[in-house]
>>> print(open('run_34.pdb').read())   # PDB, C-alpha atoms
ATOM      1  CA  MET F 227     123.601  93.826  92.674
ATOM      2  CA  ILE F 228     122.026  93.792  96.120
ATOM      3  CA  ASN F 229     122.587  90.817  98.413
ATOM      4  CA  HIS F 230     119.055  89.423  98.401
ATOM      5  CA  LYS F 231     119.577  87.260 101.466
ATOM      6  CA  LEU F 232     120.649  90.271 103.526
ATOM      7  CA  ALA F 233     117.841  92.361 102.074
ATOM      8  CA  GLN F 234     115.209  89.814 103.035
ATOM      9  CA  ASP F 235     116.751  89.473 106.493
ATOM     10  CA  ALA F 236     116.558  93.252 106.890
ATOM     11  CA  PHE F 237     112.851  93.306 106.080
ATOM     12  CA  ARG F 238     112.219  90.492 108.527
ATOM     13  CA  ALA F 239     114.206  92.185 111.273
ATOM     14  CA  ARG F 240     112.311  95.445 110.872
ATOM     15  CA  ALA F 241     108.941  93.684 110.810
ATOM     16  CA  GLU F 242     109.891  91.688 113.907
ATOM     17  CA  SER F 243     110.547  94.958 115.748
ATOM     18  CA  LEU F 244     106.881  95.863 115.331
ATOM     19  CA  VAL F 245     104.976  97.050 118.397
ATOM     20  CA  VAL F 246     101.246  97.362 117.821
ATOM     21  CA  ALA F 247     100.187  97.819 121.442
ATOM     22  CA  THR F 248     102.004  97.588 124.762
ATOM     23  CA  THR F 249     101.582  98.335 128.433
ATOM     24  CA  GLY F 250     105.261  99.050 128.727
ATOM     25  CA  SER F 251     106.788  97.953 132.040
ATOM     26  CA  ALA F 252     103.801  98.069 134.391
ATOM     27  CA  THR F 253     102.270  96.606 137.529
ATOM     28  CA  LEU F 254      99.956  93.858 136.346
ATOM     29  CA  SER F 255      98.252  90.744 137.644
ATOM     30  CA  ALA F 256      96.901  87.603 136.004
ATOM     31  CA  THR F 257      93.326  86.605 136.822
ATOM     32  CA  PRO F 258      91.100  83.688 135.847
ATOM     33  CA  ALA F 259      89.671  85.940 133.113
ATOM     34  CA  GLY F 260      92.871  87.503 131.844
ATOM     35  CA  TYR F 261      95.028  90.387 133.007
ATOM     36  CA  ALA F 262      94.245  93.230 135.374
ATOM     37  CA  ARG F 263      95.819  96.508 136.468
ATOM     38  CA  ALA F 264      95.064  99.106 139.088
ATOM     39  CA  SER F 265      96.160 102.105 137.036
ATOM     40  CA  GLY F 266      96.635 103.038 133.406
ATOM     41  CA  SER F 267      94.340 101.711 130.695
ATOM     42  CA  PHE F 268      94.426  98.771 128.313
ATOM     43  CA  VAL F 269      92.149 100.761 126.014
ATOM     44  CA  THR F 270      94.531 103.719 125.871
ATOM     45  CA  ASP F 271      97.458 101.338 125.353
ATOM     46  CA  GLY F 272      95.821 100.232 122.091
ATOM     47  CA  PHE F 273      94.649  96.705 122.842
ATOM     48  CA  VAL F 274      91.586  95.526 120.916
ATOM     49  CA  LYS F 275      89.608  92.329 120.601
ATOM     50  CA  GLY F 276      91.281  89.739 118.398
ATOM     51  CA  MET F 277      94.895  90.720 119.089
ATOM     52  CA  GLU F 278      97.411  88.147 120.282
ATOM     53  CA  VAL F 279      99.089  89.315 123.484
ATOM     54  CA  SER F 280     102.551  88.205 124.576
ATOM     55  CA  PRO F 281     103.237  88.380 128.336
ATOM     56  CA  THR F 282     106.625  89.138 129.878
ATOM     57  CA  ALA F 283     107.672  88.432 133.485
ATOM     58  CA  PHE F 284     104.621  86.311 134.172
ATOM     59  CA  THR F 285     104.788  82.656 135.181
ATOM     60  CA  GLN F 286     102.563  81.758 132.230
ATOM     61  CA  THR F 287     104.412  82.778 129.080
ATOM     62  CA  THR F 288     102.044  81.487 126.386
ATOM     63  CA  PRO F 289     100.456  84.177 124.199
ATOM     64  CA  GLY F 290      96.730  84.728 124.499
ATOM     65  CA  ILE F 291      93.954  86.064 122.298
ATOM     66  CA  VAL F 292      92.110  89.145 123.545
ATOM     67  CA  THR F 293      88.348  88.668 123.676
ATOM     68  CA  ALA F 294      87.394  91.890 125.469
ATOM     69  CA  VAL F 295      89.089  95.129 126.515
ATOM     70  CA  ALA F 296      88.230  97.356 129.446
ATOM     71  CA  PRO F 297      90.478 100.024 130.950
ATOM     72  CA  LEU F 298      91.559  97.834 133.858
ATOM     73  CA  LEU F 299      90.836  94.340 132.562
ATOM     74  CA  LEU F 300      92.070  92.499 129.490
ATOM     75  CA  THR F 301      89.993  89.367 128.919
ATOM     76  CA  ILE F 302      91.884  86.468 127.340
ATOM     77  CA  SER F 303      90.425  83.452 125.582
ATOM     78  CA  GLY F 304      90.701  80.489 127.947
ATOM     79  CA  GLY F 305      91.697  82.721 130.862
ATOM     80  CA  ARG F 306      95.103  82.864 132.572
ATOM     81  CA  THR F 307      96.943  81.168 135.418
ATOM     82  CA  VAL F 308      96.312  83.370 138.439
ATOM     83  CA  GLN F 309      99.289  85.445 139.578
ATOM     84  CA  SER F 310      99.197  88.286 142.072
ATOM     85  CA  SER F 311     100.121  91.798 141.096
ATOM     86  CA  GLY F 312     103.756  92.518 140.370
ATOM     87  CA  SER F 313     105.792  95.311 138.826
ATOM     88  CA  GLY F 314     108.102  95.146 135.816
ATOM     89  CA  ARG F 315     105.627  93.140 133.736
ATOM     90  CA  THR F 316     104.669  93.790 130.137
ATOM     91  CA  LEU F 317     101.873  92.808 127.818
ATOM     92  CA  SER F 318     102.533  93.529 124.175
ATOM     93  CA  VAL F 319     101.251  92.890 120.685
ATOM     94  CA  GLY F 320     103.655  92.722 117.777
ATOM     95  CA  LEU F 321     104.226  90.707 114.629
ATOM     96  CA  PRO F 322     102.431  87.363 115.114
ATOM     97  CA  LEU F 323     104.687  84.759 116.640
ATOM     98  CA  MET F 324     103.381  82.286 114.052
ATOM     99  CA  ARG F 325     105.369  83.221 110.946
ATOM    100  CA  ALA F 326     105.307  81.398 107.641
ATOM    101  CA  TYR F 327     108.599  82.650 106.275
ATOM    102  CA  GLU F 328     109.541  81.723 102.730
ATOM    103  CA  ASN F 329     110.523  78.086 102.310
ATOM    104  CA  ASP F 330     110.213  77.394 106.057
ATOM    105  CA  GLN F 331     108.158  74.506 107.390
ATOM    106  CA  PHE F 332     104.914  75.912 108.790
ATOM    107  CA  VAL F 333     101.603  74.619 110.080
ATOM    108  CA  ALA F 334      98.930  77.170 110.946
ATOM    109  CA  ASP F 335      97.051  77.085 114.241
ATOM    110  CA  ALA F 336      93.386  77.938 113.654
ATOM    111  CA  THR F 337      93.203  79.741 117.010
ATOM    112  CA  ARG F 338      96.180  82.056 116.423
ATOM    113  CA  PRO F 339      96.944  84.776 113.866
ATOM    114  CA  TYR F 340      99.964  84.333 111.608
ATOM    115  CA  VAL F 341     101.846  86.120 108.852
ATOM    116  CA  THR F 342     103.318  84.992 105.572
ATOM    117  CA  GLU F 343     106.264  86.731 104.029
ATOM    118  CA  GLU F 344     107.562  86.918 100.471
ATOM    119  CA  PHE F 345     110.571  88.661  98.999
ATOM    120  CA  VAL F 346     109.758  89.441  95.363
ATOM    121  CA  PRO F 347     112.560  90.819  93.160
ATOM    122  CA  GLY F 348     111.346  93.006  90.289
ATOM    123  CA  GLY F 349     112.851  94.909  87.391
ATOM    124  CA  THR F 350     116.527  95.855  87.137
ATOM    125  CA  GLY F 351     118.656  98.100  84.971
ATOM    126  CA  ILE F 352     121.730 100.265  84.637
ATOM    127  CA  LYS F 353     121.017 103.953  85.217
ATOM    128  CA  THR F 354     124.362 105.611  84.467
ATOM    129  CA  PHE F 355     127.279 105.324  82.030
ATOM    130  CA  PRO F 356     129.524 103.539  81.486
ATOM    131  CA  ARG F 357     127.498 100.350  82.040
ATOM    132  CA  ARG F 358     130.547  98.454  83.258
ATOM    133  CA  ILE F 359     130.658 100.508  86.467
ATOM    134  CA  GLY F 360     127.285 102.197  86.232
ATOM    135  CA  ARG F 361     124.609 102.540  88.877
ATOM    136  CA  PHE F 362     122.572  99.337  88.992
ATOM    137  CA  GLN F 363     118.983  99.852  90.111
ATOM    138  CA  GLU F 364     116.736  97.080  91.354
ATOM    139  CA  ASP F 365     113.093  97.266  92.344
ATOM    140  CA  GLY F 366     111.017  94.715  94.168
ATOM    141  CA  LEU F 367     108.372  93.978  96.738
ATOM    142  CA  SER F 368     108.330  92.696 100.297
ATOM    143  CA  VAL F 369     104.875  91.165 100.683
ATOM    144  CA  TRP F 370     103.319  90.399 104.075
ATOM    145  CA  SER F 371      99.919  88.759 104.465
ATOM    146  CA  TRP F 372      98.462  89.014 107.954
ATOM    147  CA  TYR F 373      96.028  86.193 108.686
ATOM    148  CA  GLY F 374      93.682  87.202 111.505
ATOM    149  CA  ILE F 375      90.942  85.402 113.394
ATOM    150  CA  THR F 376      87.531  85.740 111.756
ATOM    151  CA  GLY F 377      84.473  87.131 113.456
ATOM    152  CA  VAL F 378      86.269  89.502 115.853
ATOM    153  CA  GLY F 379      85.742  92.698 113.889
ATOM    154  CA  LYS F 380      88.154  94.844 111.896
ATOM    155  CA  ASP F 381      90.126  96.615 114.620
ATOM    156  CA  ALA F 382      92.763  94.004 115.488
ATOM    157  CA  LEU F 383      93.766  93.431 111.884
ATOM    158  CA  THR F 384      93.527  97.069 110.836
ATOM    159  CA  ALA F 385      95.476  98.434 113.799
ATOM    160  CA  SER F 386      98.162  95.761 113.409
ATOM    161  CA  VAL F 387      98.615  96.239 109.680
ATOM    162  CA  ASP F 388      98.634 100.028 109.979
ATOM    163  CA  ALA F 389     101.431  99.734 112.536
ATOM    164  CA  LEU F 390     103.386  97.452 110.198
ATOM    165  CA  MET F 391     102.955  99.899 107.323
ATOM    166  CA  ARG F 392     104.265 102.762 109.469
ATOM    167  CA  LEU F 393     107.573 100.878 109.757
ATOM    168  CA  PHE F 394     108.041 101.153 105.985
ATOM    169  CA  THR F 395     107.032 104.685 105.016
ATOM    170  CA  PRO F 396     108.731 106.382 102.036
ATOM    171  CA  ALA F 397     112.368 107.315 102.629
ATOM    172  CA  THR F 398     112.821 104.548 105.202
ATOM    173  CA  LEU F 399     116.325 103.185 104.766
ATOM    174  CA  LEU F 400     117.206  99.597 105.654
ATOM    175  CA  PRO F 401     120.992  99.324 106.031
ATOM    176  CA  LEU F 402     122.508  95.951 105.181
ATOM    177  CA  SER F 403     125.531  94.455 106.890
ATOM    178  CA  ASP F 404     127.598  94.652 103.688
ATOM    179  CA  GLY F 405     127.316  98.445 103.607
ATOM    180  CA  SER F 406     124.583  98.695 100.989
ATOM    181  CA  SER F 407     121.014  99.677 101.748
ATOM    182  CA  ILE F 408     117.417  99.243 100.711
ATOM    183  CA  ASP F 409     115.308 102.330 100.172
ATOM    184  CA  ILE F 410     111.547 102.530 100.437
ATOM    185  CA  PRO F 411     110.631 104.735  97.468
ATOM    186  CA  GLY F 412     108.084 107.518  97.374
ATOM    187  CA  ASP F 413     106.789 107.156  93.825
ATOM    188  CA  ALA F 414     105.377 103.701  94.667
ATOM    189  CA  ALA F 415     104.821 103.526  98.408
ATOM    190  CA  VAL F 416     103.637 100.894 100.873
ATOM    191  CA  TYR F 417      99.979  99.917 100.502
ATOM    192  CA  ARG F 418      97.507  97.345 101.841
ATOM    193  CA  SER F 419      94.545  95.366 100.636
ATOM    194  CA  GLN F 420      91.081  95.341 102.103
ATOM    195  CA  ILE F 421      90.206  92.601 104.589
ATOM    196  CA  ARG F 422      89.614  89.435 102.589
ATOM    197  CA  ARG F 423      87.986  86.248 103.767
ATOM    198  CA  ILE F 424      90.211  83.336 102.751
ATOM    199  CA  GLU F 425      88.984  79.964 104.004
ATOM    200  CA  SER F 426      88.766  80.335 107.801
ATOM    201  CA  TRP F 427      90.876  83.497 107.968
ATOM    202  CA  ALA F 428      90.492  87.242 107.636
ATOM    203  CA  VAL F 429      93.496  88.438 105.631
ATOM    204  CA  ILE F 430      95.122  91.757 104.825
ATOM    205  CA  THR F 431      98.066  91.843 102.427
ATOM    206  CA  VAL F 432     100.668  94.585 102.748
ATOM    207  CA  GLN F 433     102.940  95.274  99.794
ATOM    208  CA  ILE F 434     106.143  97.176 100.501
ATOM    209  CA  PRO F 435     107.925  98.393  97.354
ATOM    210  CA  TRP F 436     111.674  98.670  97.693
ATOM    211  CA  ARG F 437     114.499 100.023  95.588
ATOM    212  CA  ALA F 438     118.241  99.483  95.770
ATOM    213  CA  HIS F 439     121.196 101.086  93.997
ATOM    214  CA  THR F 440     124.583  99.457  93.790
ATOM    215  CA  ARG F 441     127.661  99.869  91.649
ATOM    216  CA  ASN F 442     127.640  97.413  88.782
ATOM    217  CA  VAL F 443     130.395  94.805  88.913
ATOM    218  CA  VAL F 444     131.333  92.705  85.914
ATOM    219  CA  ALA F 445     132.630  89.299  86.937
ATOM    220  CA  ALA F 446     136.052  88.268  85.667
TER     221      ALA F 446
ATOM    222  CA  MET Y 256     100.716 131.082  55.823
ATOM    223  CA  ALA Y 257     103.677 128.757  55.607
ATOM    224  CA  PHE Y 258     104.705 129.171  59.238
ATOM    225  CA  ALA Y 259     101.167 128.459  60.477
ATOM    226  CA  ASP Y 260     101.064 125.374  58.292
ATOM    227  CA  ASP Y 261     104.408 124.245  59.686
ATOM    228  CA  LEU Y 262     103.162 124.766  63.219
ATOM    229  CA  ASN Y 263     100.000 122.801  62.581
ATOM    230  CA  GLY Y 264     102.021 120.034  61.012
ATOM    231  CA  PHE Y 265     104.325 119.934  64.030
ATOM    232  CA  THR Y 266     101.328 119.788  66.372
ATOM    233  CA  ARG Y 267      99.857 116.851  64.455
ATOM    234  CA  LYS Y 268     103.218 115.094  64.553
ATOM    235  CA  VAL Y 269     103.547 115.544  68.323
ATOM    236  CA  ASN Y 270     100.001 114.355  68.932
ATOM    237  CA  ALA Y 271     100.547 111.306  66.743
ATOM    238  CA  ARG Y 272     103.772 110.466  68.569
ATOM    239  CA  ASN Y 273     102.104 110.887  71.981
ATOM    240  CA  ARG Y 274      99.290 108.619  70.893
ATOM    241  CA  ALA Y 275     101.722 106.008  69.601
ATOM    242  CA  ILE Y 276     103.687 106.085  72.855
ATOM    243  CA  PHE Y 277     100.504 105.763  74.896
ATOM    244  CA  ILE Y 278      99.413 102.729  72.896
ATOM    245  CA  ALA Y 279     102.861 101.175  73.190
ATOM    246  CA  ILE Y 280     102.732 101.657  76.970
ATOM    247  CA  THR Y 281      99.384  99.862  77.167
ATOM    248  CA  VAL Y 282     100.809  96.989  75.119
ATOM    249  CA  ALA Y 283     103.799  96.756  77.454
ATOM    250  CA  ILE Y 284     101.569  96.798  80.538
ATOM    251  CA  TYR Y 285      99.355  94.064  79.115
ATOM    252  CA  ALA Y 286     102.380  91.945  78.257
ATOM    253  CA  SER Y 287     103.894  92.459  81.694
ATOM    254  CA  VAL Y 288     100.759  91.424  83.575
ATOM    255  CA  VAL Y 289      99.767  88.539  81.326
ATOM    256  CA  PHE Y 290     102.984  87.100  79.896
ATOM    257  CA  GLY Y 291     105.668  88.531  82.125
ATOM    258  CA  SER Y 292     108.288  91.160  81.391
ATOM    259  CA  ALA Y 293     112.018  91.629  81.719
ATOM    260  CA  ILE Y 294     111.364  95.360  82.080
ATOM    261  CA  THR Y 295     109.321  95.028  85.253
ATOM    262  CA  GLY Y 296     110.411  91.610  86.494
ATOM    263  CA  SER Y 297     106.811  90.484  86.434
ATOM    264  CA  PRO Y 298     106.426  86.710  86.017
ATOM    265  CA  GLY Y 299     103.072  86.889  84.189
ATOM    266  CA  GLN Y 300     100.053  84.728  84.848
ATOM    267  CA  PRO Y 301     100.497  81.049  85.678
ATOM    268  CA  VAL Y 302      98.811  78.694  83.234
ATOM    269  CA  ASP Y 303      96.737  75.627  84.055
ATOM    270  CA  THR Y 304      93.609  75.670  81.877
ATOM    271  CA  GLY Y 305      94.536  79.031  80.373
ATOM    272  CA  ALA Y 306      91.391  80.676  81.703
ATOM    273  CA  LEU Y 307      93.167  83.225  83.888
ATOM    274  CA  ARG Y 308      95.634  84.267  81.240
ATOM    275  CA  ALA Y 309      92.895  84.615  78.628
ATOM    276  CA  SER Y 310      90.641  86.575  80.980
ATOM    277  CA  TRP Y 311      92.665  89.789  81.023
ATOM    278  CA  ILE Y 312      90.978  92.421  78.857
ATOM    279  CA  GLY Y 313      92.542  95.746  77.886
ATOM    280  CA  GLU Y 314      90.073  98.427  76.864
ATOM    281  CA  PHE Y 315      90.451 102.033  75.702
ATOM    282  CA  VAL Y 316      87.974 104.077  77.697
ATOM    283  CA  SER Y 317      88.969 107.275  75.895
ATOM    284  CA  ALA Y 318      91.846 108.547  73.761
ATOM    285  CA  TYR Y 319      94.205 108.569  76.725
ATOM    286  CA  GLU Y 320      92.507 106.259  79.193
ATOM    287  CA  TRP Y 321      92.933 102.513  79.201
ATOM    288  CA  THR Y 322      91.881  99.822  81.664
ATOM    289  CA  LEU Y 323      93.049  96.258  82.218
ATOM    290  CA  THR Y 324      90.641  93.947  84.004
ATOM    291  CA  THR Y 325      89.869  90.323  84.707
ATOM    292  CA  ASN Y 326      86.596  88.724  85.748
ATOM    293  CA  ILE Y 327      88.210  85.601  87.185
ATOM    294  CA  GLU Y 328      87.253  85.256  90.845
ATOM    295  CA  TYR Y 329      90.514  83.633  91.906
ATOM    296  CA  ALA Y 330      92.710  86.258  90.218
ATOM    297  CA  PRO Y 331      93.357  88.072  93.550
ATOM    298  CA  ILE Y 332      94.391  84.791  95.149
ATOM    299  CA  ILE Y 333      97.023  84.310  92.466
ATOM    300  CA  GLU Y 334      98.053  87.978  92.498
ATOM    301  CA  TYR Y 335      98.604  88.121  96.256
ATOM    302  CA  ASN Y 336      99.647  84.474  96.678
ATOM    303  CA  LEU Y 337      96.980  83.917  99.282
ATOM    304  CA  ARG Y 338      96.732  80.363 100.644
ATOM    305  CA  GLY Y 339     100.424  79.975  99.880
ATOM    306  CA  ALA Y 340      99.572  78.349  96.576
ATOM    307  CA  THR Y 341     101.898  75.786  95.051
ATOM    308  CA  LEU Y 342     102.394  76.640  91.417
ATOM    309  CA  ARG Y 343     101.963  73.762  89.027
ATOM    310  CA  SER Y 344     102.605  75.933  86.023
ATOM    311  CA  ALA Y 345     105.955  76.077  84.282
ATOM    312  CA  VAL Y 346     105.277  79.719  83.465
ATOM    313  CA  GLY Y 347     104.055  82.687  85.417
ATOM    314  CA  GLY Y 348     103.852  83.432  89.092
ATOM    315  CA  PHE Y 349     102.493  85.832  91.668
ATOM    316  CA  HIS Y 350     102.337  89.609  92.057
ATOM    317  CA  SER Y 351     102.366  90.368  88.310
ATOM    318  CA  VAL Y 352     100.025  93.339  88.601
ATOM    319  CA  SER Y 353     101.907  94.779  91.561
ATOM    320  CA  LEU Y 354     105.286  94.401  89.877
ATOM    321  CA  THR Y 355     103.918  95.966  86.704
ATOM    322  CA  ALA Y 356     102.613  98.934  88.666
ATOM    323  CA  LEU Y 357     105.952  99.204  90.478
ATOM    324  CA  GLY Y 358     107.804  99.114  87.183
ATOM    325  CA  PHE Y 359     105.574 101.595  85.373
ATOM    326  CA  GLU Y 360     108.321 104.197  85.095
ATOM    327  CA  ARG Y 361     110.609 101.572  83.572
ATOM    328  CA  ILE Y 362     107.929 100.795  80.995
ATOM    329  CA  VAL Y 363     107.577 104.462  80.099
ATOM    330  CA  GLU Y 364     111.353 104.894  79.854
ATOM    331  CA  HIS Y 365     111.665 101.839  77.654
ATOM    332  CA  VAL Y 366     108.832 102.780  75.326
ATOM    333  CA  THR Y 367     109.906 106.414  74.928
ATOM    334  CA  ALA Y 368     113.501 105.353  74.315
ATOM    335  CA  GLN Y 369     112.312 103.047  71.562
ATOM    336  CA  ALA Y 370     110.155 105.800  70.089
ATOM    337  CA  ALA Y 371     113.110 108.188  70.044
ATOM    338  CA  ALA Y 372     115.425 105.633  68.450
TER     339      ALA Y 372
END
>>> encode(input="run_34.pdb", output="structure tokens")
Amino acid sequence: MINHKLAQDAFRARAESLVVATTGSATLSATPAGYARASGSFVTDGFVKGMEVSPTAFTQTTPGIVTAVAPLLLTISGGRTVQSSGSGRTLSVGLPLMRAYENDQFVADATRPYVTEEFVPGGTGIKTFPRRIGRFQEDGLSVWSWYGITGVGKDALTASVDALMRLFTPATLLPLSDGSSIDIPGDAAVYRSQIRRIESWAVITVQIPWRAHTRNVVAA
Amino acid sequence: MAFADDLNGFTRKVNARNRAIFIAITVAIYASVVFGSAITGSPGQPVDTGALRASWIGEFVSAYEWTLTTNIEYAPIIEYNLRGATLRSAVGGFHSVSLTALGFERIVEHVTAQAAA
């Protein structure tokens, strides 16, 4: 039987590695309106309205919500603390920093996107003989609901969820620290819902089927 | 004409068995979504007033086509556990449809094994 704690940790770790959009290490400045650059393009880097941007190597470290994107200017809700241009800085969008993980305390912030996560075990069964030491197969779902800001269009949510789905394509293998692994199957692959309006949020749910095979062990 | 008769008889037998297996699969799917299933791990529908559980309708569209639907507006909220609902039902849970779809091959294996037994 798979170690469900390790399996859920593995899904979380992979999701937390998500990069939706990034400048990479670049020369950037902070302006009253947001962030600016002299070269490169925020548009090409994949930033869109509604995304939550995390800054690195800036004095102001709080994430900000993108309200407009131009090649050389990224407008942030509420503006930014001014900081002159400097190299080695990064702006990136990944898994929302607000994360309602299972059984954790969580309070949503209406101005910031967040995700919920569920680990849903499914059917199990022995696949080979003899049963005592046979191959034990388990199926299940890792379910992520991405709660985005309403009224900002589809692009932020769609681009973010598509990037998350690409982390869990069929044949992706999640190794666990006990030597076993989780496989993302091909006969029932990762899929997403349409954008739903739930209360004051725009929500997309991603369902990631998983499958695991272990050697059956009969307890003494 | 004995061989032709035998062949026709065999064909009827195979068709009848296929039909029986198909019906048994639909029954297993319905049970998995609505009541829960050890085959798929689906928890089934939670029960408060019973409206959601009773709303699921299975219908044969043709000889080998069957649909399962609900007209309850909040069914997707239960299915996808949107709003992080707190269950007040002693039975059922979330993601029953998804787990049933994921476990479809298990259902087919189980039903065909029973038919062969």
>>> closest_residue(input="run_34.pdb", among="Y:Val302, Y:Leu262, Y:Ile332, Y:Ile276", to="chain F", atoms="only C-alpha atoms")
Y:Ile332
>>> interface_residues(input="run_34.pdb", of="chain F", to="chain Y", cutoff="9 Å", atoms="only C-alpha atoms", output="ChimeraX atom specification")
/F:342,346-351,365-367,369,371,413-414,424-425,429,431,433,435
>>> atom_distance(input="run_34.pdb", atom1="CA of Val292 (chain F)", atom2="CA of Ala252 (chain F)")
18.3 Å
>>> axis_aligned_box(input="run_34.pdb", around="region 263-271 of chain Y", padding_each_side="6 Å", output="AutoDock Vina command-line options")
--center_x 102.1 --center_y 117.1 --center_z 65.0 --size_x 16.5 --size_y 23.5 --size_z 19.9
>>> residues_near_point(input="run_34.pdb", point="(96.7, 101.6, 72.4)", cutoff="9 Å", atoms="all atoms listed in the file", output="PyMOL selection string")
chain Y and resi 274-282+314-315+318-319+321
>>> write_last_selection(input="run_34.pdb", atoms="C-alpha atoms", output="CSV table (one decimal), keeping the file's coordinate frame")
chain,number,residue,atom,x,y,z
Y,274,ARG,CA,99.3,108.6,70.9
Y,275,ALA,CA,101.7,106.0,69.6
Y,276,ILE,CA,103.7,106.1,72.9
Y,277,PHE,CA,100.5,105.8,74.9
Y,278,ILE,CA,99.4,102.7,72.9
Y,279,ALA,CA,102.9,101.2,73.2
Y,280,ILE,CA,102.7,101.7,77.0
Y,281,THR,CA,99.4,99.9,77.2
Y,282,VAL,CA,100.8,97.0,75.1
Y,314,GLU,CA,90.1,98.4,76.9
Y,315,PHE,CA,90.5,102.0,75.7
Y,318,ALA,CA,91.8,108.5,73.8
Y,319,TYR,CA,94.2,108.6,76.7
Y,321,TRP,CA,92.9,102.5,79.2
>>> atom_distance(input="run_34.pdb", atom1="CA of Ala415 (chain F)", atom2="CA of Ile434 (chain F)")
6.8 Å
>>> residues_around(input="run_34.pdb", residues="region 258-270 of chain F", least_positions_apart="2", cutoff="10 Å", atoms="all atoms listed in the file", output="PyMOL selection string")
chain F and resi 247-249+252-256+272-274+281+290-312+317
>>> residues_around(input="run_34.pdb", residues="Asp303 (chain Y)", least_positions_apart="3", cutoff="9 Å", atoms="all atoms listed in the file", output="PyMOL selection string")
chain Y and resi 306-307+343-344
>>> atom_distance(input="run_34.pdb", atom1="CA of Ala286 (chain Y)", atom2="CA of Gly313 (chain Y)")
10.6 Å
>>> resolve_selection(input="run_34.pdb", expression="the PyMOL selection byres ((chain F and resi 352) around 12)", output="count of residues only")
25
>>> resolve_selection(input="run_34.pdb", expression="the PyMOL selection byres ((chain F and resi 374) around 10)", output="PyMOL selection string")
chain F and resi 276-278+322+336-341+371-373+375-380+382-384+386+421+423+426-430
>>> closest_residue(input="run_34.pdb", among="F:Ser419, F:Thr282, F:Thr257, F:Gln234", to="Trp436 (chain F)", atoms="all atoms listed in the file")
F:Gln234
>>> residues_around(input="run_34.pdb", residues="region 399-407 of chain F", least_positions_apart="5", cutoff="7 Å", atoms="all atoms listed in the file", output="mmCIF file with C-alpha atoms, in the frame of the given file")
data_model
loop_
_atom_site.group_PDB
_atom_site.id
_atom_site.type_symbol
_atom_site.label_atom_id
_atom_site.label_comp_id
_atom_site.auth_asym_id
_atom_site.auth_seq_id
_atom_site.Cartn_x
_atom_site.Cartn_y
_atom_site.Cartn_z
ATOM 1 C CA LEU F 232 120.649 90.271 103.526
ATOM 2 C CA ALA F 233 117.841 92.361 102.074
ATOM 3 C CA ALA F 236 116.558 93.252 106.890
ATOM 4 C CA ALA F 438 118.241 99.483 95.770
#
